[in-house]
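The next block is model.txt, given as compact mmCIF, C-alpha atoms and all ligand atoms.
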# COMPACT_ATOMS: atom_id res chain seq x y z
CA MET A 1 84.30 47.02 -37.19
CA ARG A 2 85.84 44.82 -34.44
CA ILE A 3 84.60 41.25 -34.52
CA VAL A 4 85.43 38.52 -32.03
CA ILE A 5 84.71 34.91 -33.00
CA ILE A 6 84.61 32.28 -30.26
CA GLY A 7 85.71 28.87 -31.53
CA ALA A 8 88.17 27.97 -34.29
CA GLY A 9 86.57 24.82 -35.70
CA VAL A 10 85.87 24.87 -39.44
CA ILE A 11 82.85 27.16 -38.96
CA GLY A 12 84.68 29.80 -36.88
CA LEU A 13 87.82 29.59 -39.04
CA ALA A 14 86.06 29.92 -42.41
CA THR A 15 83.88 32.76 -41.12
CA ALA A 16 86.93 34.56 -39.73
CA TRP A 17 88.66 34.26 -43.10
CA ARG A 18 85.67 35.60 -45.05
CA THR A 19 84.93 38.36 -42.52
CA ALA A 20 88.54 39.56 -42.52
CA ALA A 21 88.47 39.52 -46.34
CA GLY A 22 85.47 41.84 -46.07
CA GLY A 23 87.57 44.42 -44.22
CA ALA A 24 86.75 43.82 -40.52
CA ALA A 25 89.32 43.52 -37.71
CA VAL A 26 88.76 39.91 -36.62
CA THR A 27 89.94 38.17 -33.45
CA LEU A 28 89.52 34.41 -33.17
CA VAL A 29 89.51 32.91 -29.68
CA ASP A 30 90.23 29.21 -29.09
CA PRO A 31 92.58 27.47 -26.64
CA ALA A 32 93.10 24.63 -29.15
CA PRO A 33 92.07 25.56 -32.71
CA ALA A 34 90.42 22.76 -34.72
CA SER A 35 90.45 20.37 -31.79
CA GLY A 36 86.69 19.65 -31.86
CA ALA A 37 84.60 17.67 -34.32
CA SER A 38 86.53 19.26 -37.18
CA SER A 39 89.57 17.11 -36.35
CA VAL A 40 87.59 13.85 -36.21
CA ALA A 41 85.13 14.19 -39.13
CA ALA A 42 85.36 12.00 -42.22
CA GLY A 43 84.70 14.94 -44.56
CA MET A 44 82.02 13.52 -46.85
CA LEU A 45 80.41 16.24 -48.95
CA THR A 46 77.10 14.58 -49.47
CA PRO A 47 73.87 16.53 -49.24
CA VAL A 48 72.13 13.90 -51.37
CA SER A 49 73.18 10.64 -49.73
CA GLU A 50 72.56 12.03 -46.23
CA LEU A 51 69.10 13.26 -47.19
CA THR A 52 66.40 12.61 -44.63
CA TYR A 53 62.66 13.10 -45.08
CA GLY A 54 61.44 16.52 -43.97
CA GLU A 55 64.89 18.08 -44.24
CA GLU A 56 64.40 19.91 -47.56
CA PRO A 57 65.68 23.32 -46.31
CA LEU A 58 68.82 21.56 -45.05
CA LEU A 59 69.14 19.80 -48.39
CA ARG A 60 68.98 23.15 -50.21
CA LEU A 61 71.63 24.54 -47.85
CA GLY A 62 73.80 21.46 -48.44
CA LEU A 63 73.45 21.71 -52.22
CA ALA A 64 74.30 25.43 -52.09
CA SER A 65 77.42 24.61 -50.08
CA ARG A 66 78.48 21.70 -52.28
CA ASP A 67 78.14 23.95 -55.33
CA ARG A 68 80.45 26.50 -53.67
CA TYR A 69 83.08 23.94 -52.64
CA GLY A 70 85.17 23.81 -55.82
CA ALA A 71 85.80 27.56 -55.91
CA PHE A 72 86.17 27.71 -52.10
CA ALA A 73 88.83 24.95 -51.99
CA ALA A 74 90.65 26.36 -55.04
CA GLU A 75 90.79 29.87 -53.51
CA LEU A 76 92.01 28.48 -50.20
CA GLU A 77 94.67 26.30 -51.82
CA GLU A 78 95.89 29.17 -53.98
CA LEU A 79 96.06 31.61 -51.07
CA THR A 80 97.89 29.24 -48.70
CA GLY A 81 99.70 26.80 -50.99
CA LEU A 82 98.18 23.97 -48.88
CA ASP A 83 96.32 20.95 -50.23
CA THR A 84 92.83 20.36 -48.77
CA GLY A 85 92.29 16.85 -50.14
CA TYR A 86 89.16 18.01 -51.99
CA ARG A 87 87.74 15.42 -54.40
CA THR A 88 84.61 15.19 -56.51
CA ASP A 89 84.46 11.54 -57.51
CA GLY A 90 80.89 10.90 -56.33
CA ILE A 91 79.60 8.73 -53.50
CA ILE A 92 78.22 5.23 -53.84
CA GLU A 93 75.61 4.01 -51.35
CA VAL A 94 74.99 0.26 -51.20
CA ALA A 95 72.47 -2.09 -49.59
CA PHE A 96 73.39 -5.30 -47.76
CA ASP A 97 69.99 -7.05 -47.69
CA SER A 98 66.57 -6.65 -49.33
CA ASP A 99 65.21 -4.41 -46.54
CA ASP A 100 68.23 -2.13 -46.94
CA LEU A 101 67.62 -2.10 -50.69
CA LYS A 102 64.00 -1.11 -50.16
CA HIS A 103 65.16 1.79 -48.00
CA LEU A 104 67.57 2.93 -50.74
CA ASP A 105 64.78 2.66 -53.33
CA ASP A 106 62.54 4.89 -51.21
CA LEU A 107 65.41 7.33 -50.84
CA ARG A 108 66.00 7.36 -54.61
CA ARG A 109 62.31 8.07 -55.34
CA PHE A 110 62.32 10.90 -52.81
CA GLN A 111 65.46 12.41 -54.32
CA GLU A 112 64.05 12.12 -57.84
CA SER A 113 60.84 13.84 -56.70
CA LEU A 114 63.04 16.78 -55.69
CA GLY A 115 64.79 16.78 -59.08
CA ILE A 116 68.12 15.52 -57.69
CA PRO A 117 70.03 13.31 -60.12
CA VAL A 118 70.93 9.94 -58.65
CA GLU A 119 71.69 6.70 -60.45
CA ALA A 120 70.22 3.33 -59.33
CA LEU A 121 72.69 0.42 -59.57
CA THR A 122 72.24 -3.35 -59.47
CA GLY A 123 74.52 -5.41 -57.24
CA ARG A 124 76.69 -6.24 -60.26
CA GLU A 125 76.90 -2.56 -61.26
CA CYS A 126 77.92 -1.66 -57.69
CA ARG A 127 80.79 -4.17 -57.89
CA LYS A 128 81.81 -2.80 -61.26
CA GLN A 129 82.15 0.62 -59.65
CA GLU A 130 83.82 -0.79 -56.51
CA PRO A 131 85.33 -4.24 -57.15
CA MET A 132 86.11 -4.87 -53.45
CA LEU A 133 82.40 -4.90 -52.52
CA ALA A 134 81.08 -8.23 -51.22
CA PRO A 135 79.33 -10.50 -53.76
CA GLY A 136 76.13 -10.34 -51.66
CA VAL A 137 75.64 -6.56 -51.98
CA ARG A 138 72.11 -6.21 -53.34
CA GLY A 139 72.23 -2.89 -55.16
CA GLY A 140 72.86 0.77 -54.60
CA LEU A 141 72.82 4.38 -55.67
CA LEU A 142 75.47 6.59 -57.16
CA ALA A 143 75.41 10.31 -56.34
CA PRO A 144 77.86 11.49 -59.00
CA ALA A 145 78.16 15.14 -57.89
CA ASP A 146 79.09 14.40 -54.25
CA GLY A 147 82.65 14.19 -52.97
CA SER A 148 84.87 14.60 -49.95
CA ILE A 149 87.54 16.76 -48.34
CA ASP A 150 90.11 16.00 -45.66
CA PRO A 151 89.07 18.05 -42.59
CA ARG A 152 92.56 17.59 -41.12
CA ARG A 153 93.93 19.44 -44.14
CA LEU A 154 91.04 21.88 -44.46
CA ALA A 155 91.37 23.29 -40.92
CA PRO A 156 95.13 24.07 -41.14
CA ALA A 157 94.55 25.67 -44.56
CA LEU A 158 91.78 27.85 -43.10
CA LEU A 159 94.06 28.78 -40.20
CA ALA A 160 96.80 29.78 -42.65
CA ALA A 161 94.30 31.85 -44.67
CA CYS A 162 93.23 33.64 -41.49
CA GLU A 163 96.86 34.42 -40.68
CA ARG A 164 97.41 35.75 -44.21
CA LEU A 165 94.48 38.14 -43.80
CA GLY A 166 95.63 39.42 -40.41
CA VAL A 167 93.11 37.60 -38.19
CA ARG A 168 94.39 37.75 -34.60
CA LEU A 169 94.38 34.31 -32.97
CA VAL A 170 94.07 34.29 -29.17
CA ARG A 171 94.80 30.82 -27.75
CA ARG A 172 92.62 31.12 -24.65
CA ARG A 173 89.19 29.95 -23.56
CA ALA A 174 86.35 32.46 -23.81
CA ALA A 175 84.64 32.51 -20.40
CA ARG A 176 81.89 35.13 -20.76
CA ILE A 177 80.07 37.56 -22.99
CA VAL A 178 80.60 41.15 -21.84
CA ALA A 179 77.50 43.33 -22.25
CA GLU A 180 76.95 47.09 -22.24
CA HIS A 181 73.38 48.44 -22.25
CA ASP A 182 72.16 44.86 -22.83
CA ALA A 183 74.19 44.55 -26.06
CA ALA A 184 77.27 42.37 -26.62
CA ALA A 185 80.36 44.57 -26.23
CA GLY A 186 83.17 42.06 -25.85
CA VAL A 187 84.41 38.68 -24.73
CA GLY A 188 85.98 37.93 -21.34
CA LEU A 189 88.76 35.33 -21.40
CA ASP A 190 89.65 32.74 -18.75
CA ASP A 191 92.64 34.89 -17.63
CA GLY A 192 90.37 37.90 -16.99
CA THR A 193 91.33 39.81 -20.16
CA VAL A 194 88.46 41.44 -22.02
CA LEU A 195 88.49 41.68 -25.82
CA PRO A 196 86.22 44.59 -26.81
CA ALA A 197 84.02 43.97 -29.83
CA ASP A 198 81.31 45.58 -31.93
CA ARG A 199 80.00 42.12 -32.74
CA VAL A 200 80.58 38.66 -31.28
CA LEU A 201 80.01 35.34 -33.03
CA ILE A 202 79.69 32.16 -30.97
CA ALA A 203 80.97 29.25 -33.07
CA ALA A 204 82.10 26.93 -30.29
CA GLY A 205 80.41 23.75 -31.54
CA PRO A 206 78.62 21.82 -28.77
CA TRP A 207 80.19 24.12 -26.16
CA SER A 208 78.36 27.15 -27.62
CA GLY A 209 75.93 27.53 -24.69
CA ASP A 210 78.72 27.18 -22.14
CA LEU A 211 79.51 30.90 -21.60
CA GLU A 212 78.65 33.19 -18.72
CA GLY A 213 76.68 36.34 -19.41
CA LEU A 214 74.29 34.75 -21.91
CA PRO A 215 70.71 35.68 -21.05
CA PRO A 216 68.59 32.48 -20.95
CA GLY A 217 67.45 31.32 -24.40
CA THR A 218 69.85 33.64 -26.27
CA VAL A 219 71.73 30.76 -27.87
CA PRO A 220 69.57 27.70 -28.57
CA PRO A 221 70.63 24.58 -26.71
CA VAL A 222 73.25 22.69 -28.69
CA ARG A 223 73.96 19.16 -27.53
CA PRO A 224 76.98 16.94 -28.18
CA VAL A 225 76.34 13.83 -30.29
CA LYS A 226 79.27 11.44 -30.06
CA GLY A 227 80.76 9.80 -33.12
CA GLN A 228 83.54 7.22 -33.12
CA VAL A 229 85.70 6.69 -36.20
CA ILE A 230 88.54 4.35 -37.16
CA ARG A 231 91.38 5.37 -39.45
CA LEU A 232 92.84 2.57 -41.55
CA ARG A 233 95.71 2.59 -44.03
CA THR A 234 96.33 0.86 -47.35
CA ARG A 235 99.32 0.78 -49.68
CA THR A 236 97.34 -0.54 -52.63
CA PRO A 237 94.09 0.98 -53.97
CA PHE A 238 91.11 -0.38 -52.01
CA ILE A 239 88.06 1.76 -52.82
CA ARG A 240 87.91 4.44 -55.49
CA ARG A 241 85.43 6.77 -53.84
CA SER A 242 83.48 7.32 -50.61
CA THR A 243 81.31 4.26 -50.00
CA ARG A 244 78.32 4.28 -47.68
CA GLY A 245 76.39 1.19 -46.79
CA LEU A 246 73.24 0.14 -45.06
CA VAL A 247 73.77 -3.13 -43.23
CA ARG A 248 70.58 -4.52 -41.64
CA GLY A 249 69.38 -0.95 -41.17
CA SER A 250 72.55 0.47 -39.69
CA SER A 251 74.70 2.91 -41.58
CA VAL A 252 78.46 2.73 -42.11
CA TYR A 253 80.83 4.56 -44.47
CA LEU A 254 84.40 4.48 -45.71
CA VAL A 255 86.09 7.60 -47.07
CA PRO A 256 89.41 7.15 -48.94
CA ARG A 257 92.19 9.75 -49.12
CA ALA A 258 94.83 10.10 -51.81
CA ASP A 259 97.60 9.18 -49.32
CA GLY A 260 96.11 5.74 -48.55
CA GLU A 261 94.15 6.66 -45.41
CA ILE A 262 90.61 5.29 -45.17
CA VAL A 263 88.23 6.75 -42.59
CA LEU A 264 85.65 4.26 -41.33
CA GLY A 265 82.71 5.79 -39.46
CA ALA A 266 80.71 6.54 -37.55
CA THR A 267 78.70 5.77 -34.44
CA GLN A 268 75.98 8.17 -33.34
CA GLU A 269 75.55 8.25 -29.56
CA GLU A 270 73.74 10.64 -27.20
CA LEU A 271 76.08 10.43 -24.20
CA GLY A 272 76.82 14.06 -23.31
CA PHE A 273 80.45 15.22 -23.39
CA ASP A 274 81.85 11.68 -23.40
CA THR A 275 84.66 11.13 -25.91
CA ARG A 276 85.80 7.68 -24.80
CA VAL A 277 86.43 5.21 -27.57
CA THR A 278 84.63 1.95 -26.76
CA ALA A 279 85.19 -1.65 -27.82
CA GLY A 280 81.49 -1.96 -28.69
CA GLY A 281 81.49 1.12 -30.94
CA LEU A 282 84.55 -0.04 -32.87
CA TRP A 283 83.24 -3.60 -33.12
CA GLU A 284 79.97 -2.41 -34.70
CA LEU A 285 81.82 -0.33 -37.28
CA LEU A 286 84.21 -3.14 -38.21
CA ARG A 287 81.43 -5.75 -38.24
CA ASP A 288 79.24 -3.74 -40.64
CA ALA A 289 82.13 -2.60 -42.82
CA ARG A 290 83.36 -6.20 -43.21
CA GLU A 291 79.92 -7.30 -44.43
CA LEU A 292 80.24 -4.82 -47.30
CA LEU A 293 83.98 -4.93 -47.93
CA PRO A 294 85.46 -8.19 -46.55
CA GLY A 295 88.99 -7.06 -47.50
CA ILE A 296 89.06 -4.36 -44.81
CA THR A 297 90.42 -6.90 -42.33
CA GLU A 298 93.68 -6.84 -44.32
CA LEU A 299 94.11 -3.07 -43.96
CA GLU A 300 96.57 -1.55 -41.52
CA PHE A 301 95.04 -0.05 -38.38
CA ALA A 302 96.09 3.58 -37.80
CA GLU A 303 93.95 5.43 -35.23
CA VAL A 304 90.66 5.54 -33.35
CA THR A 305 88.99 8.76 -32.21
CA ALA A 306 85.68 10.08 -30.98
CA GLY A 307 84.28 13.55 -31.59
CA LEU A 308 81.18 15.52 -30.63
CA ARG A 309 78.83 16.74 -33.34
CA PRO A 310 77.01 19.96 -32.37
CA GLY A 311 73.30 19.05 -32.62
CA SER A 312 70.55 21.67 -32.31
CA PRO A 313 66.97 20.81 -31.23
CA ASP A 314 65.96 20.22 -34.89
CA ASN A 315 69.44 19.00 -35.96
CA ALA A 316 69.82 21.93 -38.38
CA PRO A 317 72.37 24.75 -38.07
CA VAL A 318 71.70 27.83 -35.99
CA MET A 319 73.02 30.86 -37.84
CA GLY A 320 72.34 34.54 -37.35
CA PRO A 321 71.68 37.35 -34.89
CA THR A 322 70.42 36.32 -31.45
CA ALA A 323 68.01 38.18 -29.18
CA MET A 324 71.02 40.01 -27.66
CA PRO A 325 72.03 42.90 -29.95
CA GLY A 326 75.54 42.42 -31.35
CA LEU A 327 75.63 38.70 -30.52
CA PHE A 328 75.49 36.14 -33.33
CA ALA A 329 75.33 32.33 -33.35
CA GLY A 330 77.07 30.02 -35.83
CA THR A 331 76.63 26.51 -34.51
CA GLY A 332 74.46 23.37 -34.58
CA HIS A 333 75.94 21.99 -37.82
CA PHE A 334 75.55 18.44 -36.49
CA ARG A 335 76.51 15.78 -39.11
CA ASN A 336 77.10 18.27 -41.94
CA GLY A 337 79.49 20.93 -40.68
CA ILE A 338 82.29 20.12 -43.12
CA LEU A 339 79.87 20.12 -46.07
CA LEU A 340 78.24 23.33 -44.86
CA THR A 341 81.49 25.27 -44.23
CA PRO A 342 81.55 27.38 -47.45
CA VAL A 343 77.89 28.43 -47.35
CA SER A 344 77.97 29.02 -43.57
CA ALA A 345 81.03 31.25 -43.93
CA ASP A 346 79.26 33.24 -46.67
CA ILE A 347 76.09 33.59 -44.58
CA LEU A 348 77.76 34.44 -41.28
CA SER A 349 80.32 36.86 -42.74
CA ALA A 350 77.54 38.66 -44.66
CA MET A 351 75.53 38.98 -41.45
CA LEU A 352 78.52 40.23 -39.44
CA LEU A 353 79.41 42.77 -42.15
CA ASP A 354 75.82 43.86 -42.92
CA GLY A 355 76.21 42.55 -46.49
CA PRO A 356 73.60 40.79 -48.64
CA VAL A 357 72.82 37.44 -46.98
CA PRO A 358 72.34 34.37 -49.23
CA GLU A 359 68.64 33.46 -49.45
CA VAL A 360 69.15 29.88 -48.22
CA ALA A 361 69.99 31.27 -44.75
CA GLY A 362 66.32 32.00 -44.04
CA ALA A 363 65.37 28.72 -42.38
CA PHE A 364 68.22 28.64 -39.89
CA ALA A 365 67.79 31.75 -37.71
CA PRO A 366 68.30 31.25 -33.93
CA GLY A 367 64.88 32.82 -33.30
CA ARG A 368 63.03 29.80 -34.74
CA PHE A 369 63.21 28.01 -31.39
CA ALA A 370 62.00 31.02 -29.39
CA THR A 371 58.87 31.23 -31.62
CA GLU A 372 58.18 27.54 -31.09
CA VAL A 373 58.32 27.95 -27.31
CA ARG A 374 55.92 30.98 -27.36
CA ALA A 375 53.44 29.15 -29.58
P1 LIG A 401 84.00 22.15 -33.76
O1 LIG A 401 84.80 21.58 -34.86
O2 LIG A 401 83.61 21.23 -32.65
O3 LIG A 401 84.87 23.35 -33.16
C1 LIG A 401 84.52 24.04 -31.99
C2 LIG A 401 85.76 24.77 -31.48
O4 LIG A 401 85.34 25.61 -30.39
C3 LIG A 401 86.85 23.84 -30.92
O5 LIG A 401 88.08 24.08 -31.59
C4 LIG A 401 86.93 24.20 -29.45
O6 LIG A 401 88.27 24.18 -28.94
C5 LIG A 401 86.37 25.62 -29.44
N1 LIG A 401 85.81 26.05 -28.16
C6 LIG A 401 84.93 25.39 -27.36
N2 LIG A 401 84.64 26.12 -26.29
C7 LIG A 401 85.35 27.28 -26.40
C8 LIG A 401 85.46 28.44 -25.58
N3 LIG A 401 84.79 28.58 -24.43
N4 LIG A 401 86.31 29.43 -25.98
C9 LIG A 401 86.97 29.32 -27.16
N5 LIG A 401 86.89 28.25 -27.97
C10 LIG A 401 86.09 27.24 -27.58
N6 LIG A 401 80.42 16.70 -41.34
C11 LIG A 401 80.39 16.58 -42.69
O7 LIG A 401 79.98 17.53 -43.38
N7 LIG A 401 80.79 15.44 -43.32
C12 LIG A 401 81.23 14.35 -42.61
O8 LIG A 401 81.60 13.33 -43.20
C13 LIG A 401 81.25 14.43 -41.20
N8 LIG A 401 81.64 13.37 -40.47
C14 LIG A 401 81.68 13.46 -39.11
C15 LIG A 401 82.09 12.35 -38.37
C16 LIG A 401 82.17 12.43 -36.99
C17 LIG A 401 82.59 11.22 -36.21
C18 LIG A 401 81.87 13.65 -36.33
C19 LIG A 401 82.03 13.77 -34.83
C20 LIG A 401 81.45 14.75 -37.06
C21 LIG A 401 81.32 14.67 -38.45
N9 LIG A 401 80.86 15.73 -39.22
C22 LIG A 401 80.84 15.65 -40.58
C23 LIG A 401 80.31 16.94 -38.57
C24 LIG A 401 81.34 18.07 -38.48
O9 LIG A 401 82.55 17.56 -38.00
C25 LIG A 401 80.83 19.16 -37.55
O10 LIG A 401 79.51 19.56 -37.91
C26 LIG A 401 81.75 20.39 -37.65
O11 LIG A 401 83.09 20.01 -37.43
C27 LIG A 401 81.34 21.45 -36.66
O12 LIG A 401 82.30 22.46 -36.71
P2 LIG A 401 82.33 23.61 -35.64
O13 LIG A 401 83.38 24.56 -36.06
O14 LIG A 401 80.95 24.13 -35.41
O15 LIG A 401 82.67 22.86 -34.25
Structure translated into structure tokens:
Amino acid sequence: MRIVIIGAGVIGLATAWRTAAGGAAVTLVDPAPASGASSVAAGMLTPVSELTYGEEPLLRLGLASRDRYGAFAAELEELTGLDTGYRTDGIIEVAFDSDDLKHLDDLRRFQESLGIPVEALTGRECRKQEPMLAPGVRGGLLAPADGSIDPRRLAPALLAACERLGVRLVRRRAARIVAEHDAAAGVGLDDGTVLPADRVLIAAGPWSGDLEGLPPGTVPPVRPVKGQVIRLRTRTPFIRRSTRGLVRGSSVYLVPRADGEIVLGATQEELGFDTRVTAGGLWELLRDARELLPGITELEFAEVTAGLRPGSPDNAPVMGPTAMPGLFAGTGHFRNGILLTPVSADILSAMLLDGPVPEVAGAFAPGRFATEVRA
């Protein structure tokens, strides 16, 4: 079975690894592997803290992925000898004012109604967990089973795993889907070369609809949602674990790494394919972060970046066979692509190899949008 995967972000890379491990001949096409959202993301692994009302299927997918992460990261690290920065020290979510606290209380009740363990903390208990928090912090939640990974370590490790398993990496842009008898039969590159394939997976993040030869509606529209992040540096311990905060209704987070890096994020902006870093975006992040952790102004500034989250019409991933035989989609992972990498790789590789597909995949088929349009 010859499989071509378009896009070497975390989703394309992890699927290529798992599909090659299943015995297929896999070619991965990307002019700049891991240059998309996967190189910008903070890497929080938090299905619980990010929970939004009405997103229960996504929550189940997130929990399934979080539960796979330990074994996934260990296997990857053992195969490649590379550290992924995986940690499981929980995530604390704190409230700045009484309205923010009310929102967190609602969130806690909702989580408890779904049987998800989460611990409510008073302001004092929050500061006991994270002594650098501002004295005014009103209270919070601790999600003890959540964690984080460093996407800038994860992607190179996945690339190394692909190389180990004989995945062919073609550093070119895929320009079109080549069809024979209305079925996908290969991928045409920007230099005119055609890579023949039995099956093609589009995992090109927000660029997934940007290929010639796609019949209209084959791949659901995926839009870019911009996120700006700041990378700071500390020589002395600052926060122990990922810390999210609600500050007058707006959300901010800080994710620490073992090497002293702290990722502060993230804006959420619907501005098309714009990746400019703006003064206003950075100011909002620093303003809100300083309300929660006044000491951040002492940290060393390292980097600012903006990335594009791939958002589908319902903000949930789009995974599975499309209306074109032989063509599969693996995109739309929006704010959760790093968290969802292990489960997405299991789902997509099983689909590409005709293996048993994990049950949680059911809600995320590309066809769900076509049905909505017909109805
Ligand atoms: P991408 O990483 O965007 O990769 C797409 C790849 O496709 C790129 O390498 C690109 O070069 C390639 N490509 C594009 N067009 C073509 C073409 N024509 N031919 C060949 N290749 C092509 N998720 C979490 O779980 N936790 C977080 O804490 C988190 N924080 C985030 C913070 C920010 C600021 C942002 C922007 C995202 C964050 N995310 C987070 C979301 C996560 O980063 C994404 O969901 C995930 O990276 C999507 O991975 P992907 O492989 O689908 O796409």
9 Å contact set for region 146-150 of chain A, all atoms listed in the file, chain neighbours under 6 positions out, as a short mmCIF file (atom, residue, chain, number, x, y, z; two decimals) with C-alpha atoms, in the coordinates of the input:
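File part01.cif, as written:
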data_model
loop_
_atom_site.label_atom_id
_atom_site.label_comp_id
_atom_site.auth_asym_id
_atom_site.auth_seq_id
_atom_site.Cartn_x
_atom_site.Cartn_y
_atom_site.Cartn_z
CA ALA A 41 85.13 14.19 -39.13
CA ALA A 42 85.36 12.00 -42.22
CA GLY A 43 84.70 14.94 -44.56
CA MET A 44 82.02 13.52 -46.85
CA LEU A 45 80.41 16.24 -48.95
CA THR A 46 77.10 14.58 -49.47
CA PRO A 47 73.87 16.53 -49.24
CA VAL A 48 72.13 13.90 -51.37
CA SER A 49 73.18 10.64 -49.73
CA ARG A 66 78.48 21.70 -52.28
CA THR A 84 92.83 20.36 -48.77
CA GLY A 85 92.29 16.85 -50.14
CA TYR A 86 89.16 18.01 -51.99
CA ARG A 87 87.74 15.42 -54.40
CA THR A 88 84.61 15.19 -56.51
CA ASP A 89 84.46 11.54 -57.51
CA GLY A 90 80.89 10.90 -56.33
CA ILE A 91 79.60 8.73 -53.50
CA ARG A 241 85.43 6.77 -53.84
CA SER A 242 83.48 7.32 -50.61
CA VAL A 255 86.09 7.60 -47.07
CA PRO A 256 89.41 7.15 -48.94
CA ARG A 257 92.19 9.75 -49.12
CA ILE A 338 82.29 20.12 -43.12
CA LEU A 339 79.87 20.12 -46.07
#
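Between CA of Val29 (chain A) and atom C15 of ligand LIG 401 (chain A) lies a distance of 23.5 Å.
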Minimum-distance residue to ligand LIG 401 (chain A), chosen among A:Arg231, A:Arg173, A:Arg290, A:His181 (using only C-alpha atoms and all ligand atoms): A:Arg173
With region 113-134 of chain A as the partner and 10 Å as the cut-off, tabulate the residues of region 150-260 of chain A that qualify, each row holding the nearest pair of atoms and their distance in Å to one decimal, using all atoms listed in the file, sorted by chain and rising number, as a Markdown table.
| residue | atom | partner | partner_atom | distance |
| --- | --- | --- | --- | --- |
| A:Pro237 | CA | A:Met132 | CA | 9.9 |
| A:Phe238 | CA | A:Met132 | CA | 6.9 |
| A:Ile239 | CA | A:Glu130 | CA | 6.2 |
| A:Arg240 | CA | A:Glu130 | CA | 6.7 |
| A:Arg241 | CA | A:Glu130 | CA | 8.2 |
| A:Thr243 | CA | A:Glu130 | CA | 8.6 |
May I have a table of the residues of region 265-292 of chain A lying at most 12 Å from region 204-215 of chain A, giving each one's closest pair of atoms and their distance in Å to one decimal, counting all atoms listed in the file, ordered by chain and ascending residue number, as CSV?
residue,atom,partner,partner_atom,distance
A:Gly272,CA,A:Pro206,CA,9.7
A:Phe273,CA,A:Pro206,CA,8.7
A:Asp274,CA,A:Pro206,CA,11.9
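Closest approach to Glu56 (chain A) among A:Leu254, A:Ala306, A:Ala316, A:Met324: A:Ala316, based on only C-alpha atoms.
Of the listed residues A:Ala161, A:Leu308, A:Val219, A:Leu79, the one whose atoms come nearest to ligand LIG 401 (chain A) is A:Leu308, with distances taken using only C-alpha atoms and all ligand atoms.
Between atom C24 of ligand LIG 401 (chain A) and CA of Leu327 (chain A) lies a distance of 22.8 Å.
For the pair atom O1 of ligand LIG 401 (chain A) and CA of Ser35 (chain A), the interatomic distance is 6.5 Å.
For the set A:Ile202, A:Ala21, A:Cys162, A:Val94, the residue with the smallest atom-to-atom gap to ligand LIG 401 (chain A) is A:Ile202, counting all atoms listed in the file.
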